[in-house]
Amino acid sequence: ERLAAMYAAAAPVLVQRFREREESVKIDVFAVFVDLLRATGNAARRPEAAGAALAALQAEVGSVVRAMSRQVKEKSLKTKVAVFTLLKELVLVLPAGLADHLSVLLPALERALGDKASSSNLRIEALLFLRLA
């Protein structure tokens, strides 16, 4: 119940903050959202407690994917790695939650995996996300 209230209060604000200009702040915002996702995943093990939180997360999926598709176009490798880490956690919590949004994310995956300038960390996170999605 508290987790659902936290989603209602914090998730929209965090999604708006994904556009933060300062990279270190943006990475911290992504990390907070990942922590929220992990808390939801832990609560999902107890179905009676997770229903409202999962519903609140499902309502935010579209805006999260749109924000992540914009952020993955950034030049910073740290930002790109953080994006795929967040998306991976999202898929772990909502296994079929991104099925309708994969077409938006495929170009970013292709760039991450095909770009010679990509780091191994970026490729690993992109492949982990792809495997789970």
# chains A, B, ... in the order shown; residues from 1 in each chain; ligands from 1

call {"tool": "select_by_dssp", "arguments": {"residues": "chain A", "states": "alpha helix (DSSP H)", "output": "PyMOL selection string"}}
result
chain A and resi 2-17+23-43+47-71+77-93+102-114+120-132

call {"tool": "write_last_selection", "arguments": {"atoms": "C-alpha atoms", "output": "tab-separated table (two decimals), in the first residue's frame"}}
result
chain	number	residue	atom	x	y	z
A	2	ARG	CA	2.83	2.40	0.86
A	3	LEU	CA	4.65	1.40	-2.29
A	4	ALA	CA	1.61	2.27	-4.41
A	5	ALA	CA	1.40	5.64	-2.67
A	6	MET	CA	5.09	6.17	-3.34
A	7	TYR	CA	4.52	5.47	-7.04
A	8	ALA	CA	1.66	7.95	-7.15
A	9	ALA	CA	3.77	10.64	-5.50
A	10	ALA	CA	7.29	9.98	-6.77
A	11	ALA	CA	7.18	8.19	-10.12
A	12	PRO	CA	5.80	11.08	-12.22
A	13	VAL	CA	8.30	13.48	-10.65
A	14	LEU	CA	11.19	11.10	-11.27
A	15	VAL	CA	10.14	10.60	-14.90
A	16	GLN	CA	10.14	14.37	-15.38
A	17	ARG	CA	13.60	14.56	-13.83
A	23	GLU	CA	24.66	14.08	-16.00
A	24	SER	CA	25.50	13.12	-12.42
A	25	VAL	CA	22.06	14.23	-11.25
A	26	LYS	CA	20.40	12.37	-14.11
A	27	ILE	CA	22.29	9.17	-13.23
A	28	ASP	CA	21.19	9.56	-9.60
A	29	VAL	CA	17.56	9.99	-10.67
A	30	PHE	CA	17.84	6.80	-12.76
A	31	ALA	CA	19.32	5.01	-9.74
A	32	VAL	CA	16.43	6.11	-7.51
A	33	PHE	CA	13.93	4.84	-10.07
A	34	VAL	CA	15.83	1.53	-10.27
A	35	ASP	CA	15.61	1.28	-6.46
A	36	LEU	CA	11.86	1.88	-6.69
A	37	LEU	CA	11.63	-0.88	-9.31
A	38	ARG	CA	13.61	-3.27	-7.12
A	39	ALA	CA	11.35	-2.53	-4.15
A	40	THR	CA	8.38	-3.33	-6.38
A	41	GLY	CA	10.03	-6.56	-7.49
A	42	ASN	CA	10.57	-7.55	-3.87
A	43	ALA	CA	6.95	-6.73	-3.04
A	47	PRO	CA	0.96	-10.85	-4.36
A	48	GLU	CA	-1.39	-9.39	-1.77
A	49	ALA	CA	0.96	-6.44	-1.27
A	50	ALA	CA	2.08	-5.80	-4.82
A	51	GLY	CA	-1.11	-5.41	-6.85
A	52	ALA	CA	-1.54	-1.67	-6.45
A	53	ALA	CA	2.17	-0.96	-6.89
A	54	LEU	CA	2.34	-3.02	-10.09
A	55	ALA	CA	-0.75	-1.26	-11.43
A	56	ALA	CA	0.81	2.13	-10.67
A	57	LEU	CA	4.04	1.07	-12.38
A	58	GLN	CA	2.13	-0.22	-15.41
A	59	ALA	CA	0.48	3.20	-15.72
A	60	GLU	CA	3.93	4.84	-15.89
A	61	VAL	CA	5.51	2.45	-18.42
A	62	GLY	CA	4.65	4.53	-21.49
A	63	SER	CA	6.15	7.72	-20.12
A	64	VAL	CA	9.22	5.87	-18.84
A	65	VAL	CA	9.86	4.27	-22.24
A	66	ARG	CA	9.42	7.59	-24.05
A	67	ALA	CA	11.85	9.27	-21.66
A	68	MET	CA	14.36	6.42	-21.97
A	69	SER	CA	14.17	6.45	-25.77
A	70	ARG	CA	15.13	10.13	-25.67
A	71	GLN	CA	17.88	9.63	-23.11
A	77	LEU	CA	28.05	6.38	-22.32
A	78	LYS	CA	27.19	6.57	-18.60
A	79	THR	CA	23.71	7.78	-19.46
A	80	LYS	CA	23.21	5.04	-22.05
A	81	VAL	CA	24.36	2.33	-19.63
A	82	ALA	CA	22.04	3.72	-16.94
A	83	VAL	CA	19.13	3.70	-19.42
A	84	PHE	CA	19.59	0.03	-20.25
A	85	THR	CA	20.04	-0.81	-16.56
A	86	LEU	CA	16.74	0.88	-15.78
A	87	LEU	CA	14.98	-0.85	-18.68
A	88	LYS	CA	16.39	-4.21	-17.60
A	89	GLU	CA	15.02	-3.72	-14.09
A	90	LEU	CA	11.68	-2.67	-15.54
A	91	VAL	CA	11.48	-5.91	-17.53
A	92	LEU	CA	12.39	-7.93	-14.44
A	93	VAL	CA	9.48	-6.39	-12.53
A	102	LEU	CA	9.86	-2.65	-28.07
A	103	SER	CA	9.51	-1.03	-31.49
A	104	VAL	CA	10.45	2.31	-29.91
A	105	LEU	CA	13.52	0.80	-28.24
A	106	LEU	CA	14.86	-1.36	-31.10
A	107	PRO	CA	16.73	1.46	-32.90
A	108	ALA	CA	18.49	2.33	-29.65
A	109	LEU	CA	19.44	-1.31	-29.14
A	110	GLU	CA	20.81	-1.51	-32.67
A	111	ARG	CA	22.91	1.61	-32.11
A	112	ALA	CA	24.20	0.38	-28.75
A	113	LEU	CA	25.20	-3.00	-30.13
A	114	GLY	CA	26.47	-1.86	-33.51
A	120	SER	CA	31.62	-3.23	-23.31
A	121	ASN	CA	29.46	-2.17	-20.32
A	122	LEU	CA	26.92	-0.63	-22.69
A	123	ARG	CA	26.85	-3.72	-24.88
A	124	ILE	CA	26.45	-6.00	-21.87
A	125	GLU	CA	23.55	-3.98	-20.43
A	126	ALA	CA	21.89	-3.79	-23.86
A	127	LEU	CA	22.25	-7.55	-24.36
A	128	LEU	CA	20.93	-8.30	-20.88
A	129	PHE	CA	17.92	-6.09	-21.54
A	130	LEU	CA	17.35	-7.73	-24.93
A	131	ARG	CA	17.57	-11.21	-23.43
A	132	LEU	CA	14.98	-10.37	-20.79

call {"tool": "atom_distance", "arguments": {"atom1": "atom CA of Glu1 of chain A", "atom2": "atom CA of Ala96 of chain A"}}
result
22.8 Å
